[in-house]
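Pasting coords.cif here (mmCIF, C-alpha atoms and all ligand atoms):
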data_query
#
loop_
_atom_site.group_PDB
_atom_site.id
_atom_site.type_symbol
_atom_site.label_atom_id
_atom_site.label_comp_id
_atom_site.auth_asym_id
_atom_site.auth_seq_id
_atom_site.Cartn_x
_atom_site.Cartn_y
_atom_site.Cartn_z
ATOM 1 C CA MET A 1 -44.684 93.083 51.538
ATOM 2 C CA ASP A 2 -44.627 95.550 54.420
ATOM 3 C CA ALA A 3 -42.568 93.855 57.139
ATOM 4 C CA LYS A 4 -44.115 95.684 60.123
ATOM 5 C CA GLU A 5 -47.647 95.087 58.886
ATOM 6 C CA PHE A 6 -46.971 91.405 58.193
ATOM 7 C CA ASP A 7 -45.412 91.033 61.646
ATOM 8 C CA LYS A 8 -48.500 92.522 63.317
ATOM 9 C CA THR A 9 -50.799 90.124 61.422
ATOM 10 C CA ALA A 10 -48.512 87.185 62.194
ATOM 11 C CA ARG A 11 -48.351 88.016 65.930
ATOM 12 C CA GLU A 12 -51.985 88.893 66.427
ATOM 13 C CA ILE A 13 -53.800 86.612 63.992
ATOM 14 C CA TYR A 14 -51.630 83.816 62.548
ATOM 15 C CA ALA A 15 -49.971 83.041 65.915
ATOM 16 C CA PRO A 16 -51.752 79.716 66.690
ATOM 17 C CA ALA A 17 -50.694 78.287 63.329
ATOM 18 C CA TYR A 18 -46.937 78.438 64.011
ATOM 19 C CA SER A 19 -46.812 76.123 67.017
ATOM 20 C CA GLU A 20 -49.134 73.683 65.251
ATOM 21 C CA ASN A 21 -46.916 73.763 62.127
ATOM 22 C CA ALA A 22 -43.832 73.209 64.298
ATOM 23 C CA LYS A 23 -45.469 70.130 65.873
ATOM 24 C CA GLN A 24 -46.364 68.792 62.398
ATOM 25 C CA ILE A 25 -42.782 69.305 61.207
ATOM 26 C CA LEU A 26 -41.194 67.600 64.214
ATOM 27 C CA ALA A 27 -43.643 64.687 63.956
ATOM 28 C CA TYR A 28 -42.859 64.273 60.244
ATOM 29 C CA ALA A 29 -39.096 64.720 60.400
ATOM 30 C CA GLY A 30 -38.286 63.121 63.743
ATOM 31 C CA ILE A 31 -35.241 65.419 63.784
ATOM 32 C CA THR A 32 -34.797 67.325 67.028
ATOM 33 C CA LYS A 33 -31.039 68.055 67.012
ATOM 34 C CA GLY A 34 -28.601 69.520 64.494
ATOM 35 C CA SER A 35 -29.090 72.389 62.090
ATOM 36 C CA CYS A 36 -32.333 73.714 60.668
ATOM 37 C CA ILE A 37 -33.071 76.513 58.229
ATOM 38 C CA ASP A 38 -36.357 78.435 58.144
ATOM 39 C CA LEU A 39 -36.313 79.781 54.578
ATOM 40 C CA GLY A 40 -38.285 82.953 53.931
ATOM 41 C CA CYS A 41 -38.701 83.212 57.682
ATOM 42 C CA GLY A 42 -40.270 86.676 57.814
ATOM 43 C CA PRO A 43 -40.368 87.681 61.508
ATOM 44 C CA GLY A 44 -39.230 84.131 62.348
ATOM 45 C CA TYR A 45 -42.188 82.682 64.220
ATOM 46 C CA LEU A 46 -42.027 79.179 62.727
ATOM 47 C CA GLY A 47 -38.285 78.811 63.315
ATOM 48 C CA LEU A 48 -38.658 80.217 66.824
ATOM 49 C CA ALA A 49 -41.466 77.772 67.642
ATOM 50 C CA LEU A 50 -39.234 74.931 66.413
ATOM 51 C CA ALA A 51 -36.362 76.175 68.573
ATOM 52 C CA GLN A 52 -38.638 76.219 71.624
ATOM 53 C CA MET A 53 -39.848 72.642 70.981
ATOM 54 C CA SER A 54 -36.482 71.035 70.163
ATOM 55 C CA GLU A 55 -32.718 71.277 70.542
ATOM 56 C CA LEU A 56 -32.261 72.361 66.907
ATOM 57 C CA ASN A 57 -29.878 75.157 65.977
ATOM 58 C CA ILE A 58 -31.954 77.340 63.700
ATOM 59 C CA CYS A 59 -30.885 79.765 61.003
ATOM 60 C CA LEU A 60 -33.617 82.194 59.944
ATOM 61 C CA ILE A 61 -33.123 83.192 56.294
ATOM 62 C CA ASP A 62 -34.950 85.939 54.440
ATOM 63 C CA LYS A 63 -34.173 88.293 51.571
ATOM 64 C CA ASP A 64 -35.814 91.260 53.297
ATOM 65 C CA PRO A 65 -33.525 93.027 55.830
ATOM 66 C CA GLU A 66 -36.524 94.585 57.599
ATOM 67 C CA MET A 67 -38.034 91.141 58.251
ATOM 68 C CA LEU A 68 -34.680 90.011 59.679
ATOM 69 C CA GLU A 69 -34.504 93.048 61.991
ATOM 70 C CA ILE A 70 -37.853 92.031 63.467
ATOM 71 C CA ALA A 71 -36.705 88.391 63.588
ATOM 72 C CA GLN A 72 -33.562 89.443 65.532
ATOM 73 C CA GLN A 73 -35.706 91.271 68.078
ATOM 74 C CA ASN A 74 -37.889 88.169 68.416
ATOM 75 C CA ILE A 75 -34.790 85.986 68.948
ATOM 76 C CA CYS A 76 -33.584 88.316 71.740
ATOM 77 C CA ASP A 77 -37.028 88.632 73.347
ATOM 78 C CA ARG A 78 -37.093 84.839 73.731
ATOM 79 C CA GLY A 79 -33.479 84.580 74.920
ATOM 80 C CA LEU A 80 -32.668 82.226 72.037
ATOM 81 C CA GLU A 81 -29.476 83.966 70.792
ATOM 82 C CA SER A 82 -27.317 80.881 71.463
ATOM 83 C CA ARG A 83 -29.393 78.625 69.164
ATOM 84 C CA VAL A 84 -31.078 80.911 66.641
ATOM 85 C CA SER A 85 -29.277 83.124 64.121
ATOM 86 C CA LYS A 86 -30.333 85.097 61.065
ATOM 87 C CA LEU A 87 -28.971 85.362 57.523
ATOM 88 C CA LEU A 88 -29.834 87.667 54.633
ATOM 89 C CA ALA A 89 -30.089 85.587 51.448
ATOM 90 C CA ASP A 90 -32.263 84.755 48.471
ATOM 91 C CA SER A 91 -33.739 81.274 48.182
ATOM 92 C CA SER A 92 -32.243 80.902 44.684
ATOM 93 C CA ASN A 93 -28.661 81.299 45.951
ATOM 94 C CA LEU A 94 -28.137 80.093 49.497
ATOM 95 C CA PRO A 95 -24.714 80.794 51.061
ATOM 96 C CA VAL A 96 -24.765 77.396 52.759
ATOM 97 C CA GLU A 97 -22.454 74.386 52.261
ATOM 98 C CA ASP A 98 -23.567 71.314 50.317
ATOM 99 C CA ASN A 99 -24.965 68.419 52.398
ATOM 100 C CA SER A 100 -24.831 70.354 55.651
ATOM 101 C CA VAL A 101 -28.363 70.930 56.999
ATOM 102 C CA GLN A 102 -30.557 68.375 58.788
ATOM 103 C CA LEU A 103 -33.886 70.138 58.337
ATOM 104 C CA VAL A 104 -35.130 72.854 55.955
ATOM 105 C CA VAL A 105 -38.571 74.342 56.563
ATOM 106 C CA SER A 106 -40.393 77.108 54.785
ATOM 107 C CA ARG A 107 -43.892 78.454 55.391
ATOM 108 C CA GLY A 108 -45.766 80.815 53.085
ATOM 109 C CA SER A 109 -42.653 81.911 51.194
ATOM 110 C CA MET A 110 -42.398 79.789 48.024
ATOM 111 C CA PHE A 111 -45.276 81.688 46.380
ATOM 112 C CA TYR A 112 -42.981 84.720 46.268
ATOM 113 C CA TRP A 113 -39.864 82.998 44.910
ATOM 114 C CA ASP A 114 -38.844 84.383 41.486
ATOM 115 C CA GLU A 115 -36.948 81.202 40.652
ATOM 116 C CA PRO A 116 -38.709 78.310 42.402
ATOM 117 C CA VAL A 117 -36.831 75.565 40.503
ATOM 118 C CA LYS A 118 -33.487 77.041 41.562
ATOM 119 C CA ALA A 119 -34.742 77.444 45.123
ATOM 120 C CA PHE A 120 -35.863 73.809 45.412
ATOM 121 C CA ASN A 121 -32.517 72.704 43.946
ATOM 122 C CA GLU A 122 -30.738 74.846 46.523
ATOM 123 C CA ILE A 123 -32.733 73.241 49.336
ATOM 124 C CA TYR A 124 -31.867 69.772 48.024
ATOM 125 C CA ARG A 125 -28.179 70.735 47.604
ATOM 126 C CA ILE A 126 -27.778 71.924 51.202
ATOM 127 C CA LEU A 127 -29.684 69.030 52.812
ATOM 128 C CA ALA A 128 -27.428 66.569 54.604
ATOM 129 C CA PRO A 129 -27.818 62.884 53.729
ATOM 130 C CA GLY A 130 -30.817 61.789 55.798
ATOM 131 C CA GLY A 131 -31.943 65.407 56.029
ATOM 132 C CA LYS A 132 -35.552 66.412 55.451
ATOM 133 C CA ALA A 133 -37.439 69.341 53.968
ATOM 134 C CA PHE A 134 -40.964 70.582 54.750
ATOM 135 C CA ILE A 135 -41.909 73.364 52.363
ATOM 136 C CA GLY A 136 -45.261 74.997 51.692
ATOM 137 C CA ALA A 137 -47.967 76.727 53.616
ATOM 138 C CA GLY A 138 -50.531 75.884 56.226
ATOM 139 C CA PHE A 139 -52.636 77.017 59.134
ATOM 140 C CA GLY A 140 -52.091 73.903 61.241
ATOM 141 C CA ASN A 141 -55.593 72.466 61.108
ATOM 142 C CA PHE A 142 -59.105 73.219 59.919
ATOM 143 C CA ARG A 143 -60.231 74.820 63.211
ATOM 144 C CA ILE A 144 -57.323 77.287 63.331
ATOM 145 C CA LYS A 145 -57.844 78.101 59.647
ATOM 146 C CA GLN A 146 -61.530 78.864 60.323
ATOM 147 C CA GLN A 147 -60.651 81.191 63.215
ATOM 148 C CA ILE A 148 -58.030 83.021 61.138
ATOM 149 C CA ASN A 149 -60.351 83.159 58.143
ATOM 150 C CA GLU A 150 -63.108 84.878 60.134
ATOM 151 C CA ILE A 151 -60.757 87.669 61.214
ATOM 152 C CA MET A 152 -58.856 88.040 57.921
ATOM 153 C CA ALA A 153 -61.963 88.039 55.704
ATOM 154 C CA ARG A 154 -63.170 91.123 57.628
ATOM 155 C CA LYS A 155 -59.747 92.763 57.819
ATOM 156 C CA GLU A 156 -58.518 92.182 54.271
ATOM 157 C CA PRO A 157 -61.038 91.753 51.434
ATOM 158 C CA GLY A 158 -59.588 89.308 48.912
ATOM 159 C CA TRP A 159 -57.593 87.384 51.544
ATOM 160 C CA SER A 160 -59.619 84.156 51.205
ATOM 161 C CA GLU A 161 -59.248 84.273 47.410
ATOM 162 C CA ALA A 162 -55.478 84.750 47.752
ATOM 163 C CA VAL A 163 -55.327 81.684 50.015
ATOM 164 C CA LEU A 164 -57.312 79.708 47.448
ATOM 165 C CA ARG A 165 -54.911 80.758 44.678
ATOM 166 C CA ARG A 166 -51.941 79.539 46.744
ATOM 167 C CA ILE A 167 -53.231 76.367 48.371
ATOM 168 C CA GLY A 168 -56.635 75.827 46.783
ATOM 169 C CA PRO A 169 -57.668 72.913 44.539
ATOM 170 C CA GLY A 170 -55.429 73.904 41.585
ATOM 171 C CA ALA A 171 -52.241 74.389 43.599
ATOM 172 C CA PRO A 172 -50.756 70.852 43.646
ATOM 173 C CA GLU A 173 -50.729 70.600 39.841
ATOM 174 C CA LYS A 174 -48.813 73.863 39.524
ATOM 175 C CA TRP A 175 -46.199 72.806 42.079
ATOM 176 C CA ARG A 176 -45.866 69.280 40.681
ATOM 177 C CA LYS A 177 -44.898 70.838 37.325
ATOM 178 C CA ILE A 178 -42.253 72.936 39.057
ATOM 179 C CA LEU A 179 -40.921 69.975 41.045
ATOM 180 C CA LEU A 180 -40.582 67.910 37.844
ATOM 181 C CA GLN A 181 -37.950 70.403 36.686
ATOM 182 C CA THR A 182 -35.823 70.062 39.832
ATOM 183 C CA ASP A 183 -33.103 67.599 40.911
ATOM 184 C CA ILE A 184 -35.389 66.225 43.640
ATOM 185 C CA PRO A 185 -35.935 62.542 42.799
ATOM 186 C CA ASP A 186 -38.972 61.935 44.985
ATOM 187 C CA TYR A 187 -41.320 63.875 47.227
ATOM 188 C CA ASP A 188 -44.698 63.729 48.957
ATOM 189 C CA LEU A 189 -47.283 66.449 48.654
ATOM 190 C CA ASP A 190 -49.891 66.755 51.416
ATOM 191 C CA HIS A 191 -52.869 68.892 50.547
ATOM 192 C CA LEU A 192 -55.984 69.919 52.417
ATOM 193 C CA PRO A 193 -57.460 72.577 50.121
ATOM 194 C CA ALA A 194 -57.346 76.109 51.578
ATOM 195 C CA VAL A 195 -55.932 74.748 54.865
ATOM 196 C CA GLU A 196 -52.470 73.465 53.959
ATOM 197 C CA MET A 197 -50.154 72.234 51.236
ATOM 198 C CA TRP A 198 -46.766 70.819 52.181
ATOM 199 C CA ILE A 199 -44.063 69.445 49.904
ATOM 200 C CA LYS A 200 -41.951 66.968 51.847
ATOM 201 C CA PHE A 201 -38.740 65.291 50.742
ATOM 202 C CA SER A 202 -35.562 63.832 52.125
ATOM 203 C CA LYS A 203 -32.045 63.192 50.845
HETATM 204 C C1 LIG B 301 -45.750 85.547 53.645
HETATM 205 S S1 LIG B 301 -44.179 85.816 54.340
HETATM 206 C C2 LIG B 301 -44.031 84.367 55.352
HETATM 207 C C3 LIG B 301 -43.093 84.595 56.497
HETATM 208 C C4 LIG B 301 -42.972 83.424 57.481
HETATM 209 N N1 LIG B 301 -42.426 82.261 56.870
HETATM 210 C C5 LIG B 301 -44.291 83.126 58.130
HETATM 211 O O1 LIG B 301 -44.897 82.078 57.832
HETATM 212 O O2 LIG B 301 -44.714 83.936 58.963
HETATM 213 C C6 LIG B 301 -43.054 85.451 53.000
HETATM 214 C C7 LIG B 301 -41.598 85.741 53.335
HETATM 215 O O3 LIG B 301 -40.775 85.191 52.298
HETATM 216 C C8 LIG B 301 -39.712 86.089 52.045
HETATM 217 N N2 LIG B 301 -39.200 85.835 50.685
HETATM 218 C C9 LIG B 301 -39.856 86.011 49.525
HETATM 219 N N3 LIG B 301 -39.080 85.640 48.481
HETATM 220 C C10 LIG B 301 -37.914 85.213 49.015
HETATM 221 C C11 LIG B 301 -36.714 84.681 48.452
HETATM 222 N N4 LIG B 301 -36.585 84.543 47.127
HETATM 223 N N5 LIG B 301 -35.719 84.331 49.274
HETATM 224 C C12 LIG B 301 -35.856 84.476 50.627
HETATM 225 N N6 LIG B 301 -36.966 84.967 51.222
HETATM 226 C C13 LIG B 301 -37.985 85.309 50.425
HETATM 227 C C14 LIG B 301 -40.353 87.460 52.197
HETATM 228 O O4 LIG B 301 -39.391 88.468 52.393
HETATM 229 C C15 LIG B 301 -41.246 87.239 53.400
HETATM 230 O O5 LIG B 301 -40.572 87.508 54.598
#

Represent the supplied structure as structure tokens.
Amino acid sequence: MDAKEFDKTAREIYAPAYSENAKQILAYAGITKGSCIDLGCGPGYLGLALAQMSELNICLIDKDPEMLEIAQQNICDRGLESRVSKLLADSSNLPVEDNSVQLVVSRGSMFYWDEPVKAFNEIYRILAPGGKAFIGAGFGNFRIKQQINEIMARKEPGWSEAVLRRIGPGAPEKWRKILLQTDIPDYDLDHLPAVEMWIKFSK
């Protein structure tokens, strides 16, 4: 994935989805203080929206140094250096203590994880007791998805099909099979085909 190109699309086209996703996450988790990880953060827009809507201390994690460079610039541009940091790491091996994080979020990243079972186990390992995770992908609501779809379908042929492969009708079954292999005892999966799919669990 080209970091600069993704950042441009995220800023110019996906932008309305991030604040909507952040609202959904805060409404679900009811956690507004403590530590939060945005895993596979890319340029960081979800984590940054969460920081702006809460008192959370956010760590933006990605395995791509170029994405983190852009994320660092975004942190500075918003004056959020005291509450938002960045960390280079792979989802399958997180350099984070057991039972230490109140909230783990991840948007649009799990489809790229080479070892999704390990990654979900890592998320569960680092969650603090009472902590919550909100992992998946989504455009916030149907209206925002429609707006984004109109632009992306013109800009990138094949984009709508890629969305369908990730969060279309067949997606929950694929992810339920993966989740069965993890240490996570229980989870909820919210799915609105081609609009969002979120895997939610707590510890
Ligand atoms: C489609 S982008 C989504 C970025 C951001 N979450 C967003 O919604 O704008 C996927 C991101 O996941 C990151 N990624 C992919 N596999 C990863 C892994 N195994 N560990 C950490 N980050 C990963 C990529 O580098 C990329 O920045």

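Selection result for the displayed file, with the PyMOL selection byres (((chain A and resi 191) around 10) and not hetatm) as criterion, is A:Gly136, A:Ala137, A:Gly138, A:Ile167, A:Gly168, A:Pro169, A:Ala171, A:Pro172, A:Asp188, A:Leu189, A:Asp190, A:Leu192, A:Pro193, A:Ala194, A:Val195, A:Glu196, A:Met197, A:Trp198, A:Ile199.
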
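Among the candidate residues A:Lys63, A:Lys4, A:Lys145, A:Lys33, the one lying nearest to ligand LIG 301 (chain B) is A:Lys63, with distances computed using only C-alpha atoms and all ligand atoms.
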
TODO: Go through the shown structure with the PyMOL selection byres (((not hetatm)) within 6 of (chain B and resi 301)) and write out the matching residues as a ChimeraX atom specification.
DONE: /A:10,40-42,45,62-64,67,89-91,106-109,112-113

Residue selection dump (C-alpha atoms) as an mmCIF file, in the coordinates of the input:
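The result, written out as selection09.cif:
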data_model
loop_
_atom_site.group_PDB
_atom_site.id
_atom_site.type_symbol
_atom_site.label_atom_id
_atom_site.label_comp_id
_atom_site.auth_asym_id
_atom_site.auth_seq_id
_atom_site.Cartn_x
_atom_site.Cartn_y
_atom_site.Cartn_z
ATOM 1 C CA ALA A 10 -48.512 87.185 62.194
ATOM 2 C CA GLY A 40 -38.285 82.953 53.931
ATOM 3 C CA CYS A 41 -38.701 83.212 57.682
ATOM 4 C CA GLY A 42 -40.270 86.676 57.814
ATOM 5 C CA TYR A 45 -42.188 82.682 64.220
ATOM 6 C CA ASP A 62 -34.950 85.939 54.440
ATOM 7 C CA LYS A 63 -34.173 88.293 51.571
ATOM 8 C CA ASP A 64 -35.814 91.260 53.297
ATOM 9 C CA MET A 67 -38.034 91.141 58.251
ATOM 10 C CA ALA A 89 -30.089 85.587 51.448
ATOM 11 C CA ASP A 90 -32.263 84.755 48.471
ATOM 12 C CA SER A 91 -33.739 81.274 48.182
ATOM 13 C CA SER A 106 -40.393 77.108 54.785
ATOM 14 C CA ARG A 107 -43.892 78.454 55.391
ATOM 15 C CA GLY A 108 -45.766 80.815 53.085
ATOM 16 C CA SER A 109 -42.653 81.911 51.194
ATOM 17 C CA TYR A 112 -42.981 84.720 46.268
ATOM 18 C CA TRP A 113 -39.864 82.998 44.910
#

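What the PyMOL selection byres (((chain A and resi 52) around 12) and not hetatm) grabs from this file is Tyr18, Ser19, Ala22, Lys23, Leu26, Thr32, Tyr45, Leu46, Gly47, Leu48, Ala49, Leu50, Ala51, Met53, Ser54, Glu55, Leu56, Asn57, Ile58, Ile75, Arg78, Gly79, Leu80, Arg83 and Val84 of chain A.
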
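Between atom CA of Val96 of chain A and atom CA of Ile178 of chain A the separation is 22.7 Å.
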
Open item on the list: One decimal, in Å: what's the spacing between atom CA of Gly170 of chain A and atom CA of Ile148 of chain A?
Closed with: 21.7 Å

Task: Contacts of Asn99 of chain A within 7 Å, only C-alpha atoms, excl. fewer than 3 positions in-chain, as a VMD selection string - done: chain A and resid 125 to 129

Once 3 Å is added on each side, what are the centre and the three edge lengths, in Å to one decimal, of the axis-aligned box enclosing the listed atoms of segment 177-190 of chain A? Present them as JSON.
{"center_x": -41.5, "center_y": 67.4, "center_z": 44.1, "size_x": 22.8, "size_y": 17.0, "size_z": 20.7}

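Note that atom CA of Met152 of chain A and atom CA of Leu39 of chain A are 24.2 Å apart.
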
- [ ] Give the answer as one residue: which of A:Ile135, A:Ala119, A:Leu164, A:Leu179 has the shortest atom-to-atom distance to Asn149 of chain A, using only C-alpha atoms?
- [x] A:Leu164

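Of the listed residues A:Glu81, A:Asp38, A:Asp183, A:Asp2, the one whose atoms come nearest to Met110 of chain A is A:Asp38, with distances taken using only C-alpha atoms.
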
TODO: With a distance cut-off of 9 Å and all atoms listed in the file, select the neighbouring residues of Lys118 of chain A, excluding the residue or stretch itself and same-chain residues fewer than 4 positions from it, and output the selection as a VMD selection string.
DONE: chain A and resid 91 to 93 122 to 123 182

What does the file look like for those residues with C-alpha atoms, as a JSON list (two decimals), in the coordinates of the input?
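Resulting contents of again38.json:
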[["chain", "number", "residue", "atom", "x", "y", "z"],
["A", 91, "SER", "CA", -33.74, 81.27, 48.18],
["A", 92, "SER", "CA", -32.24, 80.90, 44.68],
["A", 93, "ASN", "CA", -28.66, 81.30, 45.95],
["A", 122, "GLU", "CA", -30.74, 74.85, 46.52],
["A", 123, "ILE", "CA", -32.73, 73.24, 49.34],
["A", 182, "THR", "CA", -35.82, 70.06, 39.83]]

- [ ] Find the residue from A:Pro157, A:Pro116, A:Gly130, A:Pro95 that sits nearest to Arg176 of chain A; use all atoms listed in the file when measuring.
- [x] A:Pro116

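Ranking A:Lys155, A:Lys132, A:Arg143, A:Arg166 by their shortest atom-to-atom distance to Ala17 of chain A, with only C-alpha atoms included, puts A:Arg143 first.
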